[in-house]
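Asks: Please see the structure below; I have some questions.
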Amino acid sequence: MDAVVKKIIMEVKKGDQQAFAELVELYKDKVYQISYRMLGNVHEAQDVAQEAFLRAYTNIDSYDMNRKFSTWLFRIATNLSIDRIRKKKPDFHLDDPVGGTEDLTYYSQIAADEELPEDKVVQYEMQEWIQNEIAALPPKYRSAIILKYLEDLSLKEIAEILNMPVATVKTRIHRGREALRKRLRNS
Amino acid sequence: MACEKTKMEDLHKYLDEEMTLLEKKQFEQHLVTCGECEKHLRELRKTIALVQSTSHVEAPADFTANVMGKLPAQKKSKKYKTWMRKHPFILAAAVFMLLFVTSVSSLWSGGGSHISVQGQGNFHIDETRNVVVVPAGETIEGDLIIRNGDVEIEGEVLGNVTVINGEPYLASAGYIAGETNEINQILSWIWYETKSFFGEVVNVFNGKSEEARTNSAPFS
């Protein structure tokens with residue numbers, strides 16, 4: 001796997017643009033997962049994940065071949081996600097009046113939900129709920145939890161991605177776990 | 001909630017399997033007796049299981065195409081380099097063609113503008129008019145090749161007459177037994193060189209070698 005990735009990167013460094021498509025195929029789901037879990041929004045997640053790959057392409061010369069490519073790529077994705085969270089405007093509320101109308105709220109803009117089989121609804125709601133709880137974590141705990149439990153990375157890799165000592169990563173995972181426990185224990 | 005603050009740290013250490021065997025044994029004994037810590041541990045395990053249960057999301061189907069469409073345009077030189085690396089034979093053929101064309105064109109221009117004649121017999125060269133004259137009554141036994149000049153034939157030529165970069169004039173009394181070739185275009189000249197090259201090769205193989213083509217002397 002690593003040898004294959006290295007070979008592709010060599011091609012990209014030599015200027016073969018098409019070879020980059022193979023890298024995108026290999027890592028798109030993982031990068032998208034990071035940005036989606038960090039941002040909790042499909043459109044923004046897609047935007048940030050694409051941006052991460054574009055940054056990786058334009059900065060490929062600064063990538064050190066002796067290090068793991070995924071670590072470098074995930075670092076770009078995580079940093080971009082955190083930047084986006086910082087810049088994010090506060091979410092609007094469903095109770096807010098719709099601009100240009102008198103007493104319409106956003107509730108009226110939502111299409112009636114399609115009927116889903118009951119177990120699907122339950123599963124979907126469960127997923128939604130967990131996703132929301134992850135998204136409600138402070139970003140510094142959120143990134144550590146996502147990398148640890150959704151990307152299954154080692155503490156050492158997480159430390160490299162987040163550019164901090166392993167001990168700090170541990171603390172963040174512990175705190176993130178505690179925060180989630182308090183919210184999820186009543187399920 | 002864990003019974004003490006230190007026990008909470010122990011809980012996480014235990015969960016991450018970072019305890020020594022002794023620490024682990026002692027903590028497990030504590031768990032049996034302490035309901036609070038045991039509950040806390042259960043809740044943490046459940047939390048992790050829930051987080052891990054969120055199905056893995058997949059990037060949209062057109063993701064790769066979108067990224068590739070947004071990549072900055074490649075520098076042309078890089079594109080060529082990539083292309084050349086992928087097509088070594090075309091590159092080799094191109095280099096060969098280039099060498100061939102340059103050597104041929106240097107031959108073409110290498111003759112300079114000096115008139116030169118190849119052939120056996122009595123002829124004379126009029127340099128002021130850039131003309132080779134085969135006087136009346138004279139006979140050229142073999143072929144006659146003239147470069148960079150015209151030829152006036154008043155006598156007889158028993159072989160072929162080839163004029164490169166010039167024109168042949170045949171006087172009414174003149175006679176050419178062979179063919180008359182007039183070469184003024186580079187393409188037909190290349191054709192002529194190729195033909196004569198292969199002709200020589202065939203001659204060499206037939207053992208006739210160069211006997212037929214002696215007295216090759218440029219005149220200045």
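Identifiers in this document derive from the order of the structure tokens: chains are assigned A, B, ..., residues are numbered from 1 separately in each chain, and ligands are numbered from 1 in order of occurrence.
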Would you list which chain B residues are within 9 Å of chain A using only C-alpha atoms, as a count of residues only?
Replies: 36
Asks: Of the candidates A:Ala144, A:Ile158, A:Met38, A:Ile85, which one gets nearest to A:Ser70 if we count only C-alpha atoms?
Replies: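 Of A:Ala144, A:Ile158, A:Met38, A:Ile85, the one nearest A:Ser70 is A:Ile158, counting only C-alpha atoms.
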Asks: Neighbouring residues of A:Arg84 were defined as those with any atom within 10 Å, considering only C-alpha atoms; residues of the same chain fewer than 6 positions away were excluded. Please report them as a list in words.
Replies: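 Listing them by chain and then by number gives Ser35, Met38, Leu39, Glu44, Ala45, Val48 and Thr78 of chain A.
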Asks: Please report the interatomic distance between atom CA of A:Pro165 and atom CA of A:Arg67 in Å with one decimal.
Replies: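 We find that atom CA of A:Pro165 and atom CA of A:Arg67 lie 17.2 Å from each other.
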Asks: Can you list, as a PyMOL selection string, every protein, DNA or RNA residue that comes within 10 Å of B:Glu28 when you count only C-alpha atoms, leaving out same-chain residues fewer than 5 positions away?
Replies: chain B and resi 14+22-23+33-34+38
Asks: Using only C-alpha atoms, which protein or nucleic acid residues come within 12 Å of B:Gly137? Drop anything in the same chain fewer than 5 positions from it, and give the result as a VMD selection string.
Replies: chain B and resid 121 to 123 153 to 157 173 to 175
Asks: Please run DSSP on the backbone and report, as a VMD selection string, all residues within stretch 4-214 of chain B that come out as strand (DSSP E or B).
Replies: chain B and resid 116 to 118 124 to 126 131 to 134 139 to 140 144 to 147 150 to 153 156 to 157 161 to 164 168 to 170 175 to 176 180 to 183
